[in-house]
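J.: Got data.txt for you, compact mmCIF, C-alpha atoms and all ligand atoms:
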# COMPACT_ATOMS: atom_id res chain seq x y z
CA MET O 177 19.68 -14.23 13.08
CA ASP O 178 20.89 -12.87 9.75
CA LEU O 179 21.97 -15.65 7.38
CA ARG O 180 23.51 -13.36 4.76
CA TYR O 181 27.26 -13.06 4.89
CA GLY O 182 27.39 -9.78 2.94
CA GLU O 183 29.30 -8.61 -0.13
CA ALA O 184 32.80 -8.63 1.36
CA TYR O 185 32.42 -12.27 2.42
CA ASP O 186 30.91 -13.25 -0.95
CA ARG O 187 34.03 -11.79 -2.57
CA LEU O 188 36.23 -13.67 -0.12
CA ARG O 189 34.37 -16.87 -1.04
CA GLU O 190 35.23 -16.33 -4.73
CA GLU O 191 38.88 -15.65 -3.88
CA VAL O 192 39.19 -18.83 -1.82
CA ARG O 193 37.54 -20.88 -4.57
CA ASP O 194 40.00 -19.48 -7.08
CA PHE O 195 42.96 -20.11 -4.73
CA ALA O 196 41.88 -23.73 -4.19
CA ARG O 197 41.53 -24.31 -7.93
CA ARG O 198 45.00 -22.87 -8.62
CA SER O 199 46.78 -24.57 -5.72
CA TRP O 200 45.52 -28.16 -5.69
CA PRO O 201 46.20 -30.79 -6.99
CA PRO O 202 49.94 -30.07 -7.29
CA ARG O 203 51.35 -29.58 -10.76
CA GLY O 204 54.78 -29.74 -12.43
CA ASP O 205 57.71 -30.69 -10.19
CA GLU O 206 55.52 -30.58 -7.11
CA ALA O 207 53.35 -33.40 -8.45
CA ARG O 208 56.40 -35.70 -8.10
CA LEU O 209 56.94 -34.95 -4.41
CA ASP O 210 55.64 -37.34 -1.77
CA GLU O 211 52.12 -36.64 -0.49
CA ARG O 212 53.20 -35.29 2.88
CA GLU O 213 55.55 -32.74 1.29
CA GLN O 214 52.81 -31.71 -1.17
CA GLN O 215 50.45 -31.08 1.70
CA ILE O 216 53.04 -29.12 3.67
CA ARG O 217 53.55 -26.86 0.65
CA PHE O 218 49.81 -26.40 0.19
CA ARG O 219 49.34 -25.48 3.83
CA ARG O 220 52.25 -23.03 3.71
CA ARG O 221 50.71 -21.25 0.71
CA ALA O 222 47.26 -21.23 2.33
CA ILE O 223 48.68 -19.70 5.53
CA GLU O 224 50.52 -17.01 3.52
CA ALA O 225 47.29 -16.21 1.68
CA GLY O 226 45.47 -15.87 5.02
CA TYR O 227 43.24 -18.90 4.52
CA LEU O 228 44.64 -21.18 7.24
CA SER O 229 45.80 -20.33 10.78
CA ARG O 230 44.49 -16.89 9.91
CA SER O 231 44.50 -15.31 13.34
CA VAL O 232 47.72 -16.89 14.63
CA PRO O 233 50.32 -14.06 15.01
CA ALA O 234 52.69 -13.69 12.05
CA GLU O 235 55.77 -14.07 14.29
CA CYS O 236 54.45 -17.56 15.18
CA GLY O 237 54.09 -18.52 11.53
CA GLY O 238 50.38 -17.68 11.15
CA GLY O 239 48.40 -15.26 9.00
CA GLY O 240 48.54 -12.42 11.56
CA ARG O 241 44.95 -11.29 10.79
CA ALA O 242 42.31 -10.11 13.25
CA VAL O 243 39.88 -12.77 14.49
CA ASP O 244 36.89 -12.95 12.11
CA VAL O 245 34.71 -16.01 12.60
CA LEU O 246 32.58 -15.31 9.53
CA ALA O 247 35.66 -15.18 7.30
CA GLU O 248 36.97 -18.40 8.86
CA THR O 249 33.63 -20.11 8.27
CA VAL O 250 33.43 -19.02 4.63
CA ILE O 251 37.02 -20.15 4.04
CA ARG O 252 36.47 -23.53 5.70
CA GLN O 253 33.28 -24.15 3.71
CA GLU O 254 35.12 -23.47 0.43
CA LEU O 255 38.21 -25.52 1.32
CA ILE O 256 36.01 -28.50 2.33
CA ALA O 257 34.01 -28.20 -0.91
CA ALA O 258 37.24 -28.07 -2.98
CA ASP O 259 38.52 -31.23 -1.26
CA VAL O 260 41.99 -29.76 -0.64
CA PRO O 261 44.20 -30.93 2.27
CA TRP O 262 43.14 -28.09 4.59
CA ARG O 263 42.79 -30.36 7.58
CA SER O 264 46.00 -30.56 9.55
CA PRO O 265 47.80 -33.93 9.66
CA SER O 266 48.15 -33.17 13.37
CA PRO O 267 44.82 -31.84 14.69
CA GLN O 268 46.05 -32.39 18.26
CA GLY O 269 48.83 -29.93 17.36
CA THR O 270 46.87 -27.25 15.49
CA ASP O 271 43.59 -27.42 17.43
CA MET O 272 44.84 -28.12 20.97
CA LEU O 273 48.53 -27.37 21.44
CA VAL O 274 48.75 -24.17 19.37
CA PRO O 275 45.89 -22.35 21.16
CA THR O 276 47.30 -23.51 24.49
CA LEU O 277 50.76 -22.13 23.71
CA LEU O 278 49.31 -18.85 22.43
CA GLU O 279 47.47 -18.47 25.71
CA GLU O 280 49.98 -19.89 28.22
CA GLY O 281 53.31 -20.56 26.48
CA THR O 282 56.48 -18.44 26.61
CA PRO O 283 57.43 -16.45 23.46
CA GLU O 284 60.30 -18.93 22.98
CA GLN O 285 57.92 -21.94 23.15
CA CYS O 286 55.57 -20.24 20.67
CA ARG O 287 58.35 -19.46 18.18
CA ARG O 288 59.88 -22.91 18.45
CA TYR O 289 56.79 -25.13 18.23
CA ILE O 290 53.97 -23.27 16.50
CA PRO O 291 55.37 -22.64 12.96
CA PRO O 292 56.30 -26.31 12.18
CA THR O 293 53.02 -27.49 13.74
CA LEU O 294 50.89 -25.20 11.57
CA VAL O 295 52.33 -26.46 8.28
CA GLY O 296 52.29 -30.12 9.38
CA GLU O 297 56.04 -30.68 9.78
CA MET O 298 55.73 -31.40 13.50
CA ILE O 299 53.18 -34.02 14.59
CA TRP O 300 51.81 -34.06 18.16
CA CYS O 301 50.02 -36.55 20.37
CA GLN O 302 48.01 -35.87 23.51
CA GLY O 303 49.13 -37.70 26.66
CA TYR O 304 46.24 -37.29 29.10
CA SER O 305 44.39 -40.63 29.60
CA GLU O 306 45.83 -43.41 31.73
CA PRO O 307 44.50 -46.84 32.67
CA GLY O 308 41.95 -45.93 35.36
CA SER O 309 42.02 -42.19 34.57
CA GLY O 310 39.89 -41.15 31.60
CA SER O 311 36.69 -39.36 32.56
CA ASP O 312 38.21 -38.85 36.00
CA LEU O 313 41.42 -37.33 34.66
CA GLY O 314 42.27 -35.61 37.94
CA SER O 315 43.23 -39.01 39.38
CA LEU O 316 46.09 -39.64 36.92
CA GLN O 317 49.28 -41.16 38.35
CA SER O 318 52.18 -40.66 35.92
CA ARG O 319 54.80 -38.58 37.70
CA ALA O 320 57.44 -36.01 36.82
CA GLU O 321 60.14 -35.23 39.41
CA LEU O 322 62.62 -32.39 39.14
CA ASP O 323 66.26 -33.54 39.16
CA GLY O 324 68.60 -30.57 38.63
CA ASP O 325 67.61 -28.97 35.35
CA HIS O 326 65.58 -31.96 34.13
CA TRP O 327 62.16 -33.46 34.78
CA VAL O 328 62.25 -37.25 35.15
CA LEU O 329 59.07 -38.94 33.94
CA ASN O 330 57.71 -42.34 34.99
CA GLY O 331 54.35 -43.96 34.30
CA GLN O 332 52.00 -44.93 31.52
CA LYS O 333 49.56 -43.23 29.15
CA ILE O 334 46.93 -45.05 27.11
CA TRP O 335 44.65 -44.44 24.10
CA THR O 336 47.26 -41.99 22.81
CA SER O 337 46.18 -41.31 19.21
CA SER O 338 48.96 -40.90 16.62
CA ALA O 339 51.71 -41.69 19.17
CA ARG O 340 53.60 -43.81 16.61
CA GLU O 341 53.98 -40.95 14.13
CA ALA O 342 54.23 -38.17 16.67
CA ASP O 343 57.40 -36.09 17.02
CA MET O 344 56.17 -34.55 20.27
CA MET O 345 53.66 -35.14 23.09
CA PHE O 346 51.89 -32.59 25.28
CA GLY O 347 50.76 -34.26 28.45
CA LEU O 348 49.68 -33.96 32.06
CA PHE O 349 51.95 -35.34 34.80
CA ARG O 350 51.81 -35.30 38.58
CA THR O 351 54.55 -32.97 39.84
CA GLU O 352 53.13 -31.74 43.17
CA ALA O 353 52.01 -33.34 46.42
CA GLU O 354 48.63 -31.56 46.11
CA PRO O 355 45.72 -33.94 45.51
CA ARG O 356 43.98 -34.56 42.20
CA SER O 357 44.08 -31.86 39.49
CA ARG O 358 45.92 -29.39 41.76
CA GLY O 359 49.04 -31.58 41.59
CA LEU O 360 49.34 -31.71 37.78
CA SER O 361 51.65 -29.89 35.36
CA TYR O 362 51.62 -29.58 31.56
CA LEU O 363 54.77 -30.82 29.82
CA LEU O 364 56.08 -30.95 26.25
CA ILE O 365 58.00 -34.14 25.50
CA ASP O 366 60.19 -35.07 22.54
CA MET O 367 59.02 -38.58 21.59
CA ARG O 368 62.59 -39.62 20.67
CA THR O 369 63.82 -39.18 24.24
CA PRO O 370 65.40 -42.41 25.63
CA GLY O 371 63.10 -44.32 28.01
CA ILE O 372 59.90 -43.78 26.00
CA GLU O 373 58.30 -46.93 24.64
CA VAL O 374 55.32 -46.77 22.29
CA ARG O 375 53.21 -49.94 22.07
CA PRO O 376 50.54 -49.90 19.34
CA LEU O 377 47.00 -51.13 20.09
CA THR O 378 44.95 -52.65 17.30
CA MET O 379 41.53 -51.02 16.95
CA MET O 380 38.35 -52.90 16.08
CA THR O 381 38.56 -51.47 12.53
CA GLY O 382 41.82 -53.44 12.20
CA GLY O 383 43.81 -50.21 11.96
CA ILE O 384 46.40 -48.98 14.44
CA ASP O 385 46.07 -45.45 15.67
CA PHE O 386 45.96 -45.80 19.43
CA CYS O 387 49.00 -46.62 21.50
CA GLU O 388 50.13 -47.18 25.03
CA VAL O 389 53.09 -44.97 25.89
CA TRP O 390 55.42 -46.02 28.71
CA PHE O 391 57.87 -43.69 30.49
CA ASP O 392 60.84 -45.18 32.28
CA ASP O 393 63.14 -42.51 33.80
CA VAL O 394 62.63 -40.23 30.81
CA ARG O 395 64.67 -37.02 31.23
CA ILE O 396 63.37 -33.85 29.59
CA PRO O 397 64.70 -30.29 30.03
CA ALA O 398 63.15 -28.24 32.88
CA GLU O 399 61.96 -25.59 30.40
CA SER O 400 59.57 -28.16 28.85
CA MET O 401 56.78 -26.99 31.16
CA VAL O 402 53.96 -24.77 29.88
CA GLY O 403 52.62 -22.46 32.57
CA ARG O 404 53.60 -22.90 36.19
CA ARG O 405 54.09 -26.00 38.37
CA GLY O 406 50.79 -27.43 39.52
CA GLU O 407 48.79 -25.36 37.03
CA GLY O 408 48.62 -28.03 34.31
CA TRP O 409 44.88 -28.40 34.70
CA LYS O 410 44.30 -24.70 34.06
CA VAL O 411 46.75 -24.75 31.13
CA SER O 412 44.99 -27.73 29.53
CA LYS O 413 41.69 -25.81 29.67
CA ALA O 414 43.14 -22.83 27.76
CA THR O 415 42.19 -24.63 24.56
CA LEU O 416 38.50 -24.26 25.34
CA LYS O 417 38.52 -20.52 24.67
CA HIS O 418 39.67 -21.16 21.14
CA GLU O 419 37.29 -24.00 20.44
CA ARG O 420 34.65 -21.46 19.59
CA MET O 421 36.41 -21.14 16.26
CA LEU O 422 35.67 -24.77 15.49
CA ILE O 423 31.97 -24.68 16.20
CA GLY O 424 29.33 -23.75 13.69
CA ASP O 425 30.56 -26.56 11.51
CA ALA O 426 27.73 -28.91 10.70
CA SER O 427 29.20 -29.59 7.27
CA TYR O 428 30.61 -33.04 8.11
CA LEU O 429 27.19 -34.16 9.30
CA GLU O 430 25.44 -32.65 6.27
CA ARG O 431 27.79 -34.49 3.91
CA ALA O 432 27.32 -37.78 5.77
CA PHE O 433 23.54 -37.37 5.48
CA GLU O 434 23.75 -36.64 1.73
CA ASP O 435 25.80 -39.82 1.30
CA LEU O 436 23.25 -41.76 3.33
CA LEU O 437 20.41 -40.48 1.10
CA ARG O 438 22.31 -41.63 -1.98
CA LEU O 439 22.86 -45.03 -0.38
CA ALA O 440 19.12 -45.33 0.37
CA ARG O 441 18.28 -44.42 -3.23
CA GLU O 442 20.75 -46.90 -4.76
CA THR O 443 20.21 -49.85 -2.43
CA ARG O 444 17.40 -52.16 -3.49
CA ARG O 445 15.14 -53.95 -1.06
CA ASP O 446 12.35 -56.32 -2.19
CA GLY O 447 12.95 -55.23 -5.80
CA ARG O 448 12.49 -51.51 -5.04
CA PRO O 449 14.87 -48.72 -3.99
CA ALA O 450 15.14 -48.84 -0.20
CA ILE O 451 14.12 -45.18 0.04
CA GLU O 452 10.65 -46.11 -1.17
CA HIS O 453 10.00 -48.18 1.96
CA ALA O 454 8.06 -46.35 4.66
CA ASP O 455 10.28 -47.46 7.57
CA VAL O 456 13.43 -46.22 5.81
CA ARG O 457 11.78 -42.90 4.91
CA GLN O 458 10.67 -42.49 8.50
CA ARG O 459 14.20 -42.98 9.83
CA LEU O 460 15.67 -40.69 7.16
CA ALA O 461 13.15 -37.97 8.04
CA GLU O 462 14.05 -38.26 11.72
CA ILE O 463 17.76 -38.01 10.97
CA GLU O 464 17.20 -35.06 8.64
CA GLY O 465 15.47 -33.31 11.53
CA PHE O 466 18.54 -33.78 13.74
CA VAL O 467 20.90 -32.65 10.96
CA ALA O 468 18.80 -29.53 10.35
CA THR O 469 18.80 -28.79 14.08
CA GLN O 470 22.58 -28.98 14.13
CA THR O 471 22.84 -26.72 11.08
CA TRP O 472 20.50 -24.05 12.50
CA ALA O 473 22.03 -24.24 15.96
CA SER O 474 25.46 -23.68 14.45
CA HIS O 475 24.18 -20.63 12.49
CA ARG O 476 22.79 -19.25 15.72
CA MET O 477 26.10 -19.76 17.55
CA LEU O 478 27.98 -18.16 14.67
CA SER O 479 25.68 -15.11 14.67
CA ALA O 480 26.18 -14.72 18.42
CA ILE O 481 29.97 -14.96 18.14
CA ALA O 482 30.10 -12.58 15.18
CA ALA O 483 28.18 -10.09 17.34
CA ASP O 484 30.75 -10.53 20.16
CA ARG O 485 28.35 -12.45 22.35
CA ASP O 486 30.76 -15.44 22.67
CA MET O 487 29.88 -16.26 26.21
CA THR O 488 26.21 -16.80 25.41
CA VAL O 489 27.00 -19.89 23.32
CA ILE O 490 28.85 -21.97 25.92
CA ASN O 491 25.71 -23.99 26.69
CA GLU O 492 24.99 -24.65 23.02
CA MET O 493 28.60 -25.74 22.52
CA MET O 494 28.23 -28.29 25.30
CA MET O 495 25.14 -29.72 23.62
CA ALA O 496 26.64 -29.62 20.12
CA LYS O 497 29.11 -32.47 20.71
CA LEU O 498 26.48 -34.73 22.22
CA SER O 499 23.96 -34.05 19.48
CA LEU O 500 26.60 -34.48 16.76
CA THR O 501 27.75 -37.87 18.04
CA ASN O 502 24.16 -39.07 18.53
CA THR O 503 23.24 -38.12 14.97
CA MET O 504 26.40 -39.72 13.55
CA GLU O 505 25.43 -42.92 15.35
CA ARG O 506 21.93 -42.84 13.82
CA ILE O 507 23.37 -42.28 10.33
CA ALA O 508 25.82 -45.14 10.84
CA GLU O 509 23.14 -47.52 12.15
CA LEU O 510 20.78 -46.88 9.23
CA SER O 511 23.60 -47.31 6.72
CA LEU O 512 24.43 -50.74 8.15
CA ASP O 513 20.76 -51.76 8.04
CA LEU O 514 20.65 -50.71 4.37
CA LEU O 515 23.79 -52.68 3.54
CA ALA O 516 22.39 -55.74 5.38
CA GLU O 517 24.69 -58.74 4.94
CA GLY O 518 26.93 -56.68 2.57
CA GLY O 519 28.07 -54.78 5.65
CA LEU O 520 29.30 -57.92 7.39
CA THR O 521 32.04 -58.72 4.92
CA ALA O 522 33.17 -55.25 3.88
CA PRO O 523 36.83 -54.46 4.55
CA THR O 524 37.23 -51.57 6.98
CA THR O 525 39.76 -48.77 7.28
CA ASP O 526 41.14 -47.00 10.31
CA GLU O 527 40.21 -43.55 9.01
CA GLY O 528 36.52 -43.85 9.73
CA GLY O 529 36.02 -44.34 5.99
CA MET O 530 36.14 -40.59 5.41
CA ARG O 531 38.22 -40.77 2.27
CA GLN O 532 36.31 -43.61 0.66
CA GLY O 533 33.53 -43.07 -1.87
CA TRP O 534 29.98 -43.39 -0.54
CA ARG O 535 29.38 -46.53 -2.61
CA THR O 536 32.12 -48.45 -0.76
CA PRO O 537 30.47 -50.63 1.93
CA GLY O 538 33.69 -50.48 4.00
CA LYS O 539 33.19 -46.73 4.42
CA TRP O 540 29.92 -47.30 6.26
CA VAL O 541 31.23 -50.08 8.45
CA SER O 542 34.25 -47.97 9.43
CA ASN O 543 31.98 -44.97 10.04
CA TYR O 544 29.83 -47.10 12.31
CA MET O 545 32.83 -48.15 14.37
CA MET O 546 34.16 -44.59 14.46
CA SER O 547 30.78 -43.28 15.61
CA LEU O 548 31.12 -45.46 18.71
CA GLY O 549 34.59 -44.05 19.33
CA LEU O 550 33.37 -40.45 18.91
CA SER O 551 30.92 -40.91 21.75
CA ILE O 552 33.91 -41.69 24.03
CA ALA O 553 36.76 -39.50 22.73
CA GLY O 554 37.22 -36.03 24.23
CA GLY O 555 34.66 -36.62 27.00
CA THR O 556 32.08 -39.41 26.90
CA SER O 557 28.40 -38.84 26.12
CA ASN O 558 27.49 -39.76 29.72
CA ILE O 559 29.77 -37.04 31.03
CA GLN O 560 28.30 -34.54 28.52
CA ARG O 561 24.82 -35.48 29.76
CA ASN O 562 25.88 -34.88 33.36
CA LEU O 563 27.28 -31.45 32.44
CA ILE O 564 24.15 -30.49 30.52
CA GLY O 565 21.90 -31.78 33.30
CA GLU O 566 23.76 -30.03 36.08
CA ARG O 567 25.02 -26.81 34.50
CA ILE O 568 22.26 -26.02 32.02
CA LEU O 569 19.14 -27.67 33.39
CA GLY O 570 20.07 -27.16 37.04
CA LEU O 571 19.36 -30.78 38.00
CA PRO O 572 20.80 -32.13 41.28
CA ARG O 573 24.51 -32.99 41.21
CA ASP O 574 25.40 -36.57 40.25
CA LEU O 575 27.34 -38.73 42.71
CA ARG O 576 31.10 -38.15 42.51
CA PRO O 577 33.76 -40.78 43.28
C1 LIG O 601 38.79 -42.37 19.30
C2 LIG O 601 39.45 -42.03 20.61
C3 LIG O 601 40.60 -41.27 20.62
C4 LIG O 601 41.24 -40.97 21.85
N1 LIG O 601 42.41 -40.27 21.81
C5 LIG O 601 43.03 -39.96 22.97
C6 LIG O 601 44.29 -39.26 22.96
O1 LIG O 601 44.86 -38.95 21.90
N2 LIG O 601 44.87 -38.96 24.14
C7 LIG O 601 44.29 -39.27 25.34
O2 LIG O 601 44.85 -38.91 26.37
N3 LIG O 601 43.12 -39.97 25.39
C8 LIG O 601 42.49 -40.33 24.24
N4 LIG O 601 41.32 -41.05 24.25
C9 LIG O 601 40.81 -41.52 25.53
C10 LIG O 601 39.54 -40.80 25.98
O3 LIG O 601 39.80 -39.48 26.37
C11 LIG O 601 38.95 -41.63 27.12
O4 LIG O 601 38.61 -42.90 26.59
C12 LIG O 601 37.70 -40.98 27.69
O5 LIG O 601 38.03 -39.82 28.40
C13 LIG O 601 36.97 -41.96 28.63
O6 LIG O 601 37.82 -42.47 29.61
P1 LIG O 601 37.95 -44.05 29.86
O7 LIG O 601 38.17 -44.73 28.57
O8 LIG O 601 38.93 -44.22 30.94
O9 LIG O 601 36.49 -44.51 30.35
P2 LIG O 601 35.89 -44.30 31.81
O10 LIG O 601 36.12 -42.91 32.26
O11 LIG O 601 36.38 -45.41 32.67
O12 LIG O 601 34.36 -44.50 31.52
C14 LIG O 601 33.75 -45.78 31.33
C15 LIG O 601 32.25 -45.59 31.22
O13 LIG O 601 31.75 -45.01 32.44
C16 LIG O 601 31.05 -43.80 32.19
N5 LIG O 601 31.32 -42.83 33.27
C17 LIG O 601 32.53 -42.54 33.83
N6 LIG O 601 32.37 -41.59 34.78
C18 LIG O 601 31.05 -41.29 34.82
C19 LIG O 601 30.26 -40.38 35.60
N7 LIG O 601 30.82 -39.58 36.51
N8 LIG O 601 28.93 -40.36 35.37
C20 LIG O 601 28.34 -41.15 34.43
N9 LIG O 601 29.04 -42.03 33.68
C21 LIG O 601 30.37 -42.09 33.86
C22 LIG O 601 31.61 -43.30 30.87
O14 LIG O 601 30.68 -42.47 30.19
C23 LIG O 601 31.86 -44.60 30.12
O15 LIG O 601 30.66 -45.04 29.53
C24 LIG O 601 40.68 -41.39 23.06
C25 LIG O 601 39.52 -42.17 23.04
C26 LIG O 601 38.91 -42.49 21.84
C27 LIG O 601 37.67 -43.36 21.85
Do you think you could lay out the structure here as structure tokens?
T.:
Amino acid sequence: MDLRYGEAYDRLREEVRDFARRSWPPRGDEARLDEREQQIRFRRRAIEAGYLSRSVPAECGGGGRAVDVLAETVIRQELIAADVPWRSPSPQGTDMLVPTLLEEGTPEQCRRYIPPTLVGEMIWCQGYSEPGSGSDLGSLQSRAELDGDHWVLNGQKIWTSSAREADMMFGLFRTEAEPRSRGLSYLLIDMRTPGIEVRPLTMMTGGIDFCEVWFDDVRIPAESMVGRRGEGWKVSKATLKHERMLIGDASYLERAFEDLLRLARETRRDGRPAIEHADVRQRLAEIEGFVATQTWASHRMLSAIAADRDMTVINEMMMAKLSLTNTMERIAELSLDLLAEGGLTAPTTDEGGMRQGWRTPGKWVSNYMMSLGLSIAGGTSNIQRNLIGERILGLPRDLRP
């Protein structure tokens, strides 16, 4: 493993730093625009400069550059450090839908949906889970039936993040008589279509992000399907190939740990900084071990990918999510113990406290609640453990329903 990036990447790092300094926060007339418009403009400039959506083809509104994971890592590190709005307002759109369309969509679908998604003008939600179909997604029941040149949708989705703000949904619907995942198709749905009802669900943070989405004879054009009839399962997995671009990023965990250290230094217990107590130091040392493991594992995956050995990191990728969510939970638990009764009354936010300063108790309480959600979202920790046990360790297959 070679941890040096090399001269060309060091130069790129300087260029990105300079770009971030010049481009954010907005100045002049732009400073008077609303925040969303400011962010759209920032993202557009960053894409033109080749710093965001770098390898998305130019005709789809991206940077049109060759895939270079080291460059993308350097750029992401600098944009995170500069605290600019690099993260898409619609991660479901940029991280899930765009790679899927690039892999499986028609040229027309790519041209129509990708450019506004990349800059943040088009917001997406993901309609997969249903009551009774989460981990066992293949059992989902919402149906789409072809009627002339329209699909007619009926059924219900649940836990749909961002459904209230979303312009569009990509979702899985049962279109074929085949059982389980073989009967599903992947559809793109305009959220303003008559017959769609979005019912918000209040989260335990008090915020509203999740929704139930009901479909009652919703008619969408036949060309709204991505891929072929009955191949929705395969289409939804196309994203996985591109997820390798998102790995190697232990920076969120590293920042959370730094904040935790500061909290332990500032919080006083029995008249002394909490960090001076042996039990706190012990827990911090354990957590630091897990954070370091994540950091080194991500360097190793990055080295393998940069050397075109992508397929060798699939196992590590499977473990990375589980280890990340476990470590986030440990960080969140220790922070609440440090805050003691202060943590009971702190106001929470629905953003997992990410944008609050580390001194704000509410940040830690929200992070704690979010850490529980992270161990469920996108595949629960139990399911990850099954996959690791069966596919990596070769343990006997678990019982299936
Ligand atoms: C923050 C957050 C955001 C989400 N956003 C979206 C979204 O935008 N769109 C969307 O479609 N969905 C979304 N979800 C839903 C998420 O995908 C599901 O909650 C998840 O897949 C689990 O499904 P479930 O809730 O039905 O739980 P279940 O599948 O019913 O699981 C319940 C419990 O049983 C365990 N379990 C289930 N099967 C097994 C097994 N075979 N072996 C061992 N244990 C098992 C699980 O680990 C879990 O502990 C989101 C969830 C969260 C928490």
J.: What residues of the protein or nucleic acid chains come within 6 Å of ligand LIG 601 (chain O) when you use all atoms listed in the file? Reply as a list of chain:residue names.
T.: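 Residues lying within 6 Å of ligand LIG 601 (chain O): O:Cys301, O:Gln302, O:Gly303, O:Tyr304, O:Ser305, O:Gly308, O:Ser309, O:Gly310, O:Ser311, O:Asp312, O:Trp335, O:Thr336, O:Ser337, O:Gly549, O:Leu550, O:Ile552, O:Ala553, O:Gly554, O:Gly555, O:Thr556, O:Ser557, O:Asn558, O:Ile559.
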J.: CA of Ser427 (chain O) and CA of Leu563 (chain O), how far apart in Å?
T.: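 Interatomic distance here is 25.3 Å.
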J.: Excluding region 269-281 of chain O and residues on its chain fewer than 6 positions from it, collect all residues at most 10 Å away from it, counting all atoms listed in the file, and give them as a PyMOL selection string.
T.: chain O and resi 229+232-233+236+263+287+289-296+298-302+342+344-346+364+401-404+410-419+421-422
J.: Quick one: of O:Arg358, O:Arg561, O:Arg198, O:Arg189, who's nearest to Arg573 (chain O), counting all atoms listed in the file?
T.: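 Looking at the shortest contact to Arg573 (chain O), the residue is O:Arg561.
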J.: Using all atoms listed in the file, which residue out of O:Ser318, O:Ser547, O:Ser511, O:Gln268 lies closest to Ile463 (chain O)?
T.: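 Among O:Ser318, O:Ser547, O:Ser511, O:Gln268, it is O:Ser511 that comes nearest to Ile463 (chain O).
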J.: Mind giving me the straight-line distance from CA of Arg219 (chain O) to CA of Glu254 (chain O) in Å, one decimal?
T.: 14.8 Å
J.: So how far away is CA of Glu434 (chain O) from CA of Tyr185 (chain O), in Å?
T.: 25.9 Å
J.: Go through O:Ala468, O:Leu209, O:Leu313, O:Val489 and flag the residue nearest Arg356 (chain O), using all atoms listed in the file for the distances.
T.: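 The shortest atom-to-atom distance to Arg356 (chain O) comes from O:Leu313.
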J.: Please identify all polymer residues within 10 Å of Gln215 (chain O), counting only C-alpha atoms, omitting same-chain residues fewer than 6 positions from it, and present them as a PDB file with C-alpha atoms, in the frame of the given file.
T.:
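Saved the output as selection-v3.pdb:
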ATOM      1  CA  TRP O 200      45.520 -28.160  -5.690  1.00  0.00           C
ATOM      2  CA  PRO O 201      46.200 -30.790  -6.990  1.00  0.00           C
ATOM      3  CA  PRO O 202      49.940 -30.070  -7.290  1.00  0.00           C
ATOM      4  CA  LEU O 209      56.940 -34.950  -4.410  1.00  0.00           C
ATOM      5  CA  ARG O 221      50.710 -21.250   0.710  1.00  0.00           C
ATOM      6  CA  VAL O 260      41.990 -29.760  -0.640  1.00  0.00           C
ATOM      7  CA  PRO O 261      44.200 -30.930   2.270  1.00  0.00           C
ATOM      8  CA  TRP O 262      43.140 -28.090   4.590  1.00  0.00           C
ATOM      9  CA  ARG O 263      42.790 -30.360   7.580  1.00  0.00           C
ATOM     10  CA  SER O 264      46.000 -30.560   9.550  1.00  0.00           C
ATOM     11  CA  PRO O 265      47.800 -33.930   9.660  1.00  0.00           C
ATOM     12  CA  VAL O 295      52.330 -26.460   8.280  1.00  0.00           C
ATOM     13  CA  GLY O 296      52.290 -30.120   9.380  1.00  0.00           C
ATOM     14  CA  GLU O 297      56.040 -30.680   9.780  1.00  0.00           C
TER      15      GLU O 297
END
J.: For Leu478 (chain O), which of O:Ile396, O:Leu316, O:Ile384, O:Leu246 is the closest residue, counting all atoms listed in the file?
T.: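 Using all atoms listed in the file, Leu478 (chain O) sits closest to O:Leu246.
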J.: Counting all atoms listed in the file, which of O:His475, O:Arg212, O:Arg448, O:Lys539 gets nearest to Ala426 (chain O)?
T.: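 Checking each candidate against Ala426 (chain O), we get O:His475 as the closest.
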J.: Can you list, as an NGL selection string, every protein, DNA or RNA residue that comes within 12 Å of Val192 (chain O) when you count only C-alpha atoms, leaving out same-chain residues fewer than 4 positions away?
T.: :O and (185-188 or 196-200 or 222 or 225-228 or 247-258 or 260 or 262)
J.: Which residue is closest to Arg395 (chain O)? Choose from O:Ile372, O:Ile334, O:Leu377, O:Leu329 and count only C-alpha atoms.
T.: O:Leu329
J.: List as a ChimeraX atom specification the protein and nucleic acid residues near Asp435 (chain O), meaning an atom at most 10 Å away when all atoms listed in the file are counted, but skip any in the same chain fewer than 6 places from it.
T.: /O:429,441,507,511,533-535,540
